[in-house]
file run-v5.cif (mmCIF, C-alpha atoms)
data_structure
loop_
_atom_site.group_PDB
_atom_site.id
_atom_site.type_symbol
_atom_site.label_atom_id
_atom_site.label_comp_id
_atom_site.auth_asym_id
_atom_site.auth_seq_id
_atom_site.Cartn_x
_atom_site.Cartn_y
_atom_site.Cartn_z
ATOM 1 C CA MET A 778 -114.181 192.094 139.424
ATOM 2 C CA SER A 779 -114.338 193.656 135.948
ATOM 3 C CA LEU A 780 -111.861 192.547 133.279
ATOM 4 C CA GLU A 781 -110.335 196.033 133.280
ATOM 5 C CA LYS A 782 -109.816 195.933 137.051
ATOM 6 C CA LEU A 783 -108.480 192.388 136.790
ATOM 7 C CA ASN A 784 -105.926 193.467 134.191
ATOM 8 C CA GLU A 785 -104.748 196.268 136.452
ATOM 9 C CA HIS A 786 -104.397 193.853 139.355
ATOM 10 C CA ILE A 787 -102.424 191.327 137.298
ATOM 11 C CA GLN A 788 -100.021 194.073 136.219
ATOM 12 C CA GLN A 789 -99.491 195.087 139.838
ATOM 13 C CA GLU A 790 -98.753 191.470 140.750
ATOM 14 C CA LEU A 791 -96.312 191.070 137.879
ATOM 15 C CA GLN A 792 -94.543 194.256 138.939
ATOM 16 C CA LYS A 793 -93.712 192.703 142.307
ATOM 17 C CA ARG A 794 -90.823 190.964 140.588
ATOM 18 C CA GLU A 795 -89.345 194.422 140.056
ATOM 19 C CA VAL A 796 -88.538 194.076 136.382
ATOM 20 C CA SER A 797 -87.717 197.038 134.163
ATOM 21 C CA GLU A 798 -90.459 199.146 132.640
ATOM 22 C CA THR A 799 -89.671 197.677 129.225
ATOM 23 C CA MET A 800 -90.131 194.115 130.498
ATOM 24 C CA ALA A 801 -93.269 195.085 132.423
ATOM 25 C CA ASN A 802 -94.803 196.451 129.227
ATOM 26 C CA LEU A 803 -93.917 193.218 127.457
ATOM 27 C CA GLN A 804 -95.602 191.189 130.220
ATOM 28 C CA LYS A 805 -98.709 193.319 129.784
ATOM 29 C CA GLU A 806 -98.796 192.558 126.060
ATOM 30 C CA VAL A 807 -98.241 188.826 126.630
ATOM 31 C CA TYR A 808 -101.122 188.763 129.110
ATOM 32 C CA GLU A 809 -103.510 190.630 126.816
ATOM 33 C CA LEU A 810 -102.512 189.053 123.485
ATOM 34 C CA VAL A 811 -101.665 185.500 124.526
ATOM 35 C CA VAL A 812 -103.139 184.523 127.901
ATOM 36 C CA ILE A 813 -106.528 186.192 127.365
ATOM 37 C CA ASN A 814 -106.865 185.021 123.767
ATOM 38 C CA GLU A 815 -105.841 181.457 124.632
ATOM 39 C CA ALA A 816 -108.559 181.528 127.292
ATOM 40 C CA LYS A 817 -111.043 182.582 124.606
ATOM 41 C CA ILE A 818 -109.874 179.762 122.327
ATOM 42 C CA ASN A 819 -110.146 177.218 125.142
ATOM 43 C CA SER A 820 -113.635 178.484 125.938
ATOM 44 C CA LEU A 821 -114.750 178.195 122.321
ATOM 45 C CA GLN A 822 -113.385 174.681 122.064
ATOM 46 C CA GLU A 823 -115.405 173.696 125.140
ATOM 47 C CA ALA A 824 -118.478 175.314 123.600
ATOM 48 C CA LEU A 825 -117.958 173.396 120.358
ATOM 49 C CA ALA A 826 -117.678 170.126 122.273
ATOM 50 C CA ALA A 827 -120.977 170.919 124.016
ATOM 51 C CA VAL A 828 -122.622 171.814 120.703
ATOM 52 C CA LYS A 829 -121.439 168.562 119.161
ATOM 53 C CA PHE A 830 -122.760 166.630 122.150
ATOM 54 C CA VAL A 831 -126.268 168.050 121.738
ATOM 55 C CA GLU A 832 -126.040 167.547 117.941
ATOM 56 C CA VAL A 833 -126.484 171.183 116.974
ATOM 57 C CA GLU A 834 -124.730 172.989 114.118
ATOM 58 C CA ALA A 835 -122.960 176.234 115.062
ATOM 59 C CA PRO A 836 -120.676 177.285 112.174
ATOM 60 C CA ILE A 837 -120.164 180.755 113.628
ATOM 61 C CA LEU A 838 -118.247 179.184 116.528
ATOM 62 C CA ASN A 839 -115.842 177.437 114.151
ATOM 63 C CA GLU A 840 -115.359 180.664 112.219
ATOM 64 C CA LYS A 841 -114.550 182.609 115.373
ATOM 65 C CA LEU A 842 -112.197 179.862 116.588
ATOM 66 C CA THR A 843 -110.260 179.952 113.308
ATOM 67 C CA GLU A 844 -110.100 183.745 113.500
ATOM 68 C CA LEU A 845 -108.760 183.693 117.064
ATOM 69 C CA LYS A 846 -106.160 181.022 116.301
ATOM 70 C CA THR A 847 -104.920 182.948 113.261
ATOM 71 C CA GLN A 848 -104.642 186.154 115.268
ATOM 72 C CA LEU A 849 -102.901 184.367 118.135
ATOM 73 C CA GLU A 850 -100.260 183.002 115.780
ATOM 74 C CA LYS A 851 -99.629 186.513 114.380
ATOM 75 C CA ASP A 852 -99.446 187.995 117.869
ATOM 76 C CA LYS A 853 -96.998 185.323 119.037
ATOM 77 C CA ASN A 854 -94.747 186.011 116.053
ATOM 78 C CA TYR A 855 -94.874 189.730 116.842
ATOM 79 C CA LEU A 856 -94.115 189.138 120.534
ATOM 80 C CA THR A 857 -91.321 186.662 119.785
ATOM 81 C CA LYS A 858 -89.474 189.399 117.887
ATOM 82 C CA LYS A 859 -89.926 191.761 120.831
ATOM 83 C CA VAL A 860 -88.630 189.153 123.287
ATOM 84 C CA GLU A 861 -85.593 188.363 121.165
ATOM 85 C CA GLU A 862 -84.703 192.056 121.019
ATOM 86 C CA LEU A 863 -84.424 191.955 124.813
ATOM 87 C CA VAL A 864 -82.329 188.789 125.089
ATOM 88 C CA ASN A 865 -79.102 190.556 125.991
ATOM 89 C CA ASN A 866 -77.141 191.517 129.088
ATOM 90 C CA THR A 867 -79.145 194.717 129.584
ATOM 91 C CA PHE A 868 -82.286 192.705 130.341
ATOM 92 C CA LYS A 869 -80.612 189.557 131.688
ATOM 93 C CA GLU A 870 -81.626 190.351 135.274
ATOM 94 C CA ASP A 871 -85.256 190.730 134.171
ATOM 95 C CA PHE A 872 -85.263 187.245 132.651
ATOM 96 C CA ILE A 873 -83.600 185.841 135.787
ATOM 97 C CA LYS A 874 -86.262 187.400 138.028
ATOM 98 C CA ILE A 875 -89.069 186.027 135.888
ATOM 99 C CA THR A 876 -87.617 182.544 135.442
ATOM 100 C CA LYS A 877 -86.489 181.831 138.988
ATOM 101 C CA LYS A 878 -90.038 182.217 140.340
ATOM 102 C CA THR A 879 -91.944 180.629 137.481
ATOM 103 C CA LYS A 880 -92.991 177.117 138.441
ATOM 104 C CA PHE A 881 -93.489 175.524 134.990
ATOM 105 C CA LEU A 882 -96.143 173.275 136.436
ATOM 106 C CA GLN A 883 -99.055 171.878 134.496
ATOM 107 C CA LYS A 884 -101.532 174.656 134.935
ATOM 108 C CA GLU A 885 -105.273 174.499 134.970
ATOM 109 C CA LEU A 886 -106.883 175.079 131.593
ATOM 110 C CA ILE A 887 -107.835 178.745 131.558
ATOM 111 C CA THR A 888 -111.337 179.417 130.198
ATOM 112 C CA TYR A 889 -114.254 181.740 130.856
ATOM 113 C CA ALA A 890 -114.994 179.551 133.908
ATOM 114 C CA THR A 891 -111.640 180.583 135.408
ATOM 115 C CA PHE A 892 -112.646 184.227 135.340
ATOM 116 C CA LYS A 893 -116.038 183.440 136.824
ATOM 117 C CA LYS A 894 -114.241 182.303 139.984
ATOM 118 C CA ILE A 895 -112.818 185.773 140.521
ATOM 119 C CA ASN A 896 -114.593 187.836 143.102
ATOM 120 C CA GLU A 897 -112.959 190.072 145.644
ATOM 121 C CA HIS A 898 -114.889 188.336 148.422
ATOM 122 C CA THR A 899 -114.158 184.658 147.658
ATOM 123 C CA ILE A 900 -111.296 182.309 148.487
ATOM 124 C CA HIS A 901 -110.869 181.445 144.795
ATOM 125 C CA THR A 902 -109.572 184.872 143.798
ATOM 126 C CA PRO A 903 -105.933 184.650 145.026
ATOM 127 C CA TYR A 904 -105.517 181.238 143.374
ATOM 128 C CA VAL A 905 -106.857 182.450 140.033
ATOM 129 C CA LEU A 906 -104.814 185.652 140.077
ATOM 130 C CA ASN A 907 -101.657 183.635 140.744
ATOM 131 C CA LEU A 908 -102.623 181.231 137.962
ATOM 132 C CA LEU A 909 -102.921 184.106 135.479
ATOM 133 C CA LYS A 910 -99.660 185.640 136.664
ATOM 134 C CA GLU A 911 -97.807 182.328 136.266
ATOM 135 C CA ALA A 912 -99.382 181.751 132.857
ATOM 136 C CA THR A 913 -98.218 185.177 131.674
ATOM 137 C CA ASN A 914 -94.609 184.560 132.640
ATOM 138 C CA GLU A 915 -94.575 181.028 131.239
ATOM 139 C CA GLU A 916 -95.945 182.244 127.916
ATOM 140 C CA LEU A 917 -93.357 185.035 127.802
ATOM 141 C CA LEU A 918 -90.479 182.623 128.401
ATOM 142 C CA ARG A 919 -91.786 180.161 125.816
ATOM 143 C CA LEU A 920 -91.739 182.789 123.073
ATOM 144 C CA SER A 921 -87.978 182.313 122.693
ATOM 145 C CA PRO A 922 -86.952 179.687 125.262
ATOM 146 C CA TYR A 923 -83.657 178.541 123.759
ATOM 147 C CA LYS A 924 -82.214 182.048 123.502
ATOM 148 C CA ILE A 925 -83.395 182.960 127.005
ATOM 149 C CA ALA A 926 -81.968 179.706 128.400
ATOM 150 C CA ASP A 927 -78.621 180.466 126.769
ATOM 151 C CA LEU A 928 -78.624 183.973 128.275
ATOM 152 C CA ILE A 929 -79.259 182.846 131.878
ATOM 153 C CA HIS A 930 -77.706 179.372 131.881
ATOM 154 C CA THR A 931 -75.012 180.332 134.420
ATOM 155 C CA GLU A 932 -77.572 181.110 137.140
ATOM 156 C CA THR A 933 -77.715 177.503 138.315
ATOM 157 C CA LYS A 934 -78.176 178.350 142.002
ATOM 158 C CA TYR A 935 -81.881 178.762 141.276
ATOM 159 C CA SER A 936 -83.738 175.467 140.890
ATOM 160 C CA GLN A 937 -86.324 176.854 138.474
ATOM 161 C CA ILE A 938 -83.630 178.255 136.204
ATOM 162 C CA ARG A 939 -81.840 174.901 136.248
ATOM 163 C CA LYS A 940 -85.090 173.217 135.219
ATOM 164 C CA PHE A 941 -85.709 175.760 132.452
ATOM 165 C CA VAL A 942 -82.171 175.530 131.088
ATOM 166 C CA GLU A 943 -82.292 171.724 131.168
ATOM 167 C CA LEU A 944 -85.440 171.819 129.074
ATOM 168 C CA TYR A 945 -84.210 174.405 126.604
ATOM 169 C CA LYS A 946 -80.437 174.211 126.388
ATOM 170 C CA GLU A 947 -79.261 174.451 122.802
ATOM 171 C CA GLU A 948 -78.250 170.799 122.500
ATOM 172 C CA THR A 949 -81.835 169.732 123.210
ATOM 173 C CA LYS A 950 -83.224 171.858 120.398
ATOM 174 C CA GLU A 951 -83.133 168.949 117.988
ATOM 175 C CA SER A 952 -83.526 166.218 120.594
ATOM 176 C CA LYS A 953 -85.377 163.034 119.732
ATOM 177 C CA ILE A 954 -88.315 163.903 121.976
ATOM 178 C CA ASP A 955 -88.676 167.328 120.341
ATOM 179 C CA LYS A 956 -88.545 165.748 116.899
ATOM 180 C CA TRP A 957 -91.205 163.257 117.998
ATOM 181 C CA ILE A 958 -93.440 166.080 119.222
ATOM 182 C CA THR A 959 -92.926 168.063 115.999
ATOM 183 C CA THR A 960 -93.563 165.020 113.815
ATOM 184 C CA PHE A 961 -96.595 163.601 115.573
ATOM 185 C CA ALA A 962 -98.375 166.572 117.197
ATOM 186 C CA LYS A 963 -101.961 167.027 116.038
ATOM 187 C CA ASN A 964 -102.271 170.251 118.015
ATOM 188 C CA ASN A 965 -100.236 173.390 118.691
ATOM 189 C CA ASP A 966 -100.688 173.340 122.452
ATOM 190 C CA SER A 967 -97.313 174.505 123.783
ATOM 191 C CA ASN A 968 -98.425 173.817 127.360
ATOM 192 C CA GLU A 969 -99.028 170.145 126.617
ATOM 193 C CA HIS A 970 -95.795 169.869 124.640
ATOM 194 C CA GLN A 971 -93.809 171.337 127.525
ATOM 195 C CA GLN A 972 -95.387 168.901 129.969
ATOM 196 C CA ILE A 973 -94.166 166.032 127.785
ATOM 197 C CA ARG A 974 -90.634 167.457 127.832
ATOM 198 C CA LEU A 975 -90.740 167.868 131.608
ATOM 199 C CA HIS A 976 -92.036 164.347 132.132
ATOM 200 C CA PHE A 977 -89.489 162.966 129.662
ATOM 201 C CA THR A 978 -86.572 164.281 131.730
ATOM 202 C CA GLU A 979 -88.067 162.614 134.826
ATOM 203 C CA VAL A 980 -88.679 159.351 132.985
ATOM 204 C CA LYS A 981 -85.079 159.238 131.729
ATOM 205 C CA ARG A 982 -83.772 159.387 135.292
ATOM 206 C CA MET A 983 -86.166 156.639 136.318
ATOM 207 C CA LEU A 984 -85.106 154.437 133.412
ATOM 208 C CA GLN A 985 -81.418 154.958 134.077
ATOM 209 C CA MET A 986 -81.984 153.695 137.613
ATOM 210 C CA GLY A 987 -83.586 150.559 136.208
ATOM 211 C CA PHE A 988 -87.155 151.172 137.345
ATOM 212 C CA SER A 989 -89.156 150.291 134.246
ATOM 213 C CA THR A 990 -91.005 147.751 132.156
ATOM 214 C CA THR A 991 -92.185 147.842 128.581
ATOM 215 C CA GLU A 992 -95.786 148.061 129.808
ATOM 216 C CA MET A 993 -94.911 151.061 131.963
ATOM 217 C CA LEU A 994 -93.283 152.839 129.031
ATOM 218 C CA GLN A 995 -96.302 152.129 126.849
ATOM 219 C CA ASP A 996 -98.650 153.589 129.459
ATOM 220 C CA ILE A 997 -96.531 156.747 129.630
ATOM 221 C CA ALA A 998 -96.399 156.953 125.834
ATOM 222 C CA ILE A 999 -100.179 156.641 125.569
ATOM 223 C CA GLN A 1000 -100.630 159.569 127.955
ATOM 224 C CA TRP A 1001 -98.185 161.629 125.898
ATOM 225 C CA SER A 1002 -100.003 160.749 122.682
ATOM 226 C CA ILE A 1003 -103.251 162.042 124.212
ATOM 227 C CA ARG A 1004 -101.465 165.310 125.011
ATOM 228 C CA LEU A 1005 -100.598 165.551 121.303
ATOM 229 C CA GLY A 1006 -104.228 165.139 120.265
ATOM 230 C CA TYR A 1007 -104.528 161.387 119.699
ATOM 231 C CA SER A 1008 -107.306 159.141 120.942
ATOM 232 C CA GLY A 1009 -105.022 157.040 123.130
ATOM 233 C CA ASP A 1010 -106.769 153.897 121.849
ATOM 234 C CA ILE A 1011 -103.718 151.692 121.461
ATOM 235 C CA LYS A 1012 -105.794 148.690 120.311
ATOM 236 C CA ASN A 1013 -107.867 150.252 117.537
ATOM 237 C CA ASP A 1014 -106.230 153.512 116.443
ATOM 238 C CA PRO A 1015 -103.302 153.011 113.999
ATOM 239 C CA ASP A 1016 -102.140 156.635 114.448
ATOM 240 C CA THR A 1017 -101.914 156.204 118.210
ATOM 241 C CA GLN A 1018 -100.103 152.894 117.736
ATOM 242 C CA LYS A 1019 -97.491 154.511 115.492
ATOM 243 C CA ALA A 1020 -96.896 157.494 117.779
ATOM 244 C CA VAL A 1021 -96.672 155.294 120.879
ATOM 245 C CA LYS A 1022 -94.288 152.796 119.284
ATOM 246 C CA GLU A 1023 -91.978 155.581 118.144
ATOM 247 C CA VAL A 1024 -91.706 157.304 121.516
ATOM 248 C CA VAL A 1025 -91.298 154.032 123.445
ATOM 249 C CA ASN A 1026 -88.264 153.333 121.263
ATOM 250 C CA ILE A 1027 -86.975 156.849 121.935
ATOM 251 C CA MET A 1028 -87.265 156.358 125.688
ATOM 252 C CA LYS A 1029 -85.283 153.132 125.483
ATOM 253 C CA GLU A 1030 -82.603 154.683 123.266
ATOM 254 C CA GLU A 1031 -82.263 157.877 125.290
ATOM 255 C CA ALA A 1032 -81.835 155.934 128.503
ATOM 256 C CA ALA A 1033 -79.373 153.547 126.841
ATOM 257 C CA ILE A 1034 -81.230 150.502 128.144
ATOM 258 C CA VAL A 1035 -82.657 147.295 126.830
ATOM 259 C CA ILE A 1036 -85.958 146.197 128.354
#
call {"tool": "encode", "arguments": {"input": "run-v5.cif", "output": "structure tokens"}}
result
Amino acid sequence: MSLEKLNEHIQQELQKREVSETMANLQKEVYELVVINEAKINSLQEALAAVKFVEVEAPILNEKLTELKTQLEKDKNYLTKKVEELVNNTFKEDFIKITKKTKFLQKELITYATFKKINEHTIHTPYVLNLLKEATNEELLRLSPYKIADLIHTETKYSQIRKFVELYKEETKESKIDKWITTFAKNNDSNEHQQIRLHFTEVKRMLQMGFSTTEMLQDIAIQWSIRLGYSGDIKNDPDTQKAVKEVVNIMKEEAAIVI
């Protein structure tokens, strides 16, 4: 399936949620400017890791990666303004339709290999098309999550909206876990950062029920530090040690427990 045909198919799939033409056009832009370009960045990062492994210099790859990241940041700023212009009652139903069916699960890293799986005659195609569709809607919602959450917060009959609002209600904007992510993140991977927030809400419930040990919290914290770009080497890496210690304390404080 050609990229052009794929793009047409994704747009048809996104339209099944029956959003307005304005929102559909925004989805199209998010797919083309964010999802596709993040896939290119992920692919280049894999290529750089392979180049490093075989001990070959490839400066052109680093140059292209920097170029793509710079452009992605500009495009996200541009799209954020467009999203925020739509965060009002006129488009409230559009945001409800998108949010209530968006799973917010940890999705597979999208790279060139993802697109290689697409062929009209293979079993992989439906999975990949759904992956791209979900990624598009997640990226759209993350462009201005707090304002969108505030707009649709009353629609609590939908489990996915409840989950989204819990993650991005205004009072969590300056939460301790968000401050930890902002302070310690070595990357700008919003997918990884969201997974930490999701896991954090689950961990808090577990802690409040008394199911925990310090060792368990440290193991969780190490995994979160890896998501932020650290080595995860708690014995030998001072940066990992500092990040882990900080978030273990946050987990204890947030759950109001003493372990």
call {"tool": "atom_distance", "arguments": {"input": "run-v5.cif", "atom1": "atom CA of A:Leu917", "atom2": "atom CA of A:Tyr945"}}
result
14.1 Å
call {"tool": "closest_residue", "arguments": {"input": "run-v5.cif", "among": "A:Phe941, A:Glu844, A:Ser952, A:Arg1004", "to": "A:His970", "atoms": "only C-alpha atoms"}}
result
A:Arg1004
call {"tool": "atom_distance", "arguments": {"input": "run-v5.cif", "atom1": "atom CA of A:Leu944", "atom2": "atom CA of A:Ala1020"}}
result
21.5 Å
call {"tool": "closest_residue", "arguments": {"input": "run-v5.cif", "among": "A:Leu803, A:Lys946, A:Ile1027, A:Tyr904", "to": "A:Val980", "atoms": "all atoms listed in the file"}}
result
A:Ile1027
call {"tool": "residues_near_point", "arguments": {"input": "run-v5.cif", "point": "(-107.4, 177.7, 130.2)", "cutoff": "12 Å", "atoms": "only C-alpha atoms", "output": "PyMOL selection string"}}
result
chain A and resi 811-823+883-892+905+908-909+912-913+966+968-969
call {"tool": "residues_around", "arguments": {"input": "run-v5.cif", "residues": "A:Leu856", "least_positions_apart": "5", "cutoff": "12 Å", "atoms": "all atoms listed in the file", "output": "MDAnalysis selection string"}}
result
chainID A and resid 800 802:811 849:851 861:863 916:921
call {"tool": "closest_residue", "arguments": {"input": "run-v5.cif", "among": "A:Ile873, A:Leu994, A:Ile958, A:Leu975", "to": "A:His930", "atoms": "all atoms listed in the file"}}
result
A:Ile873
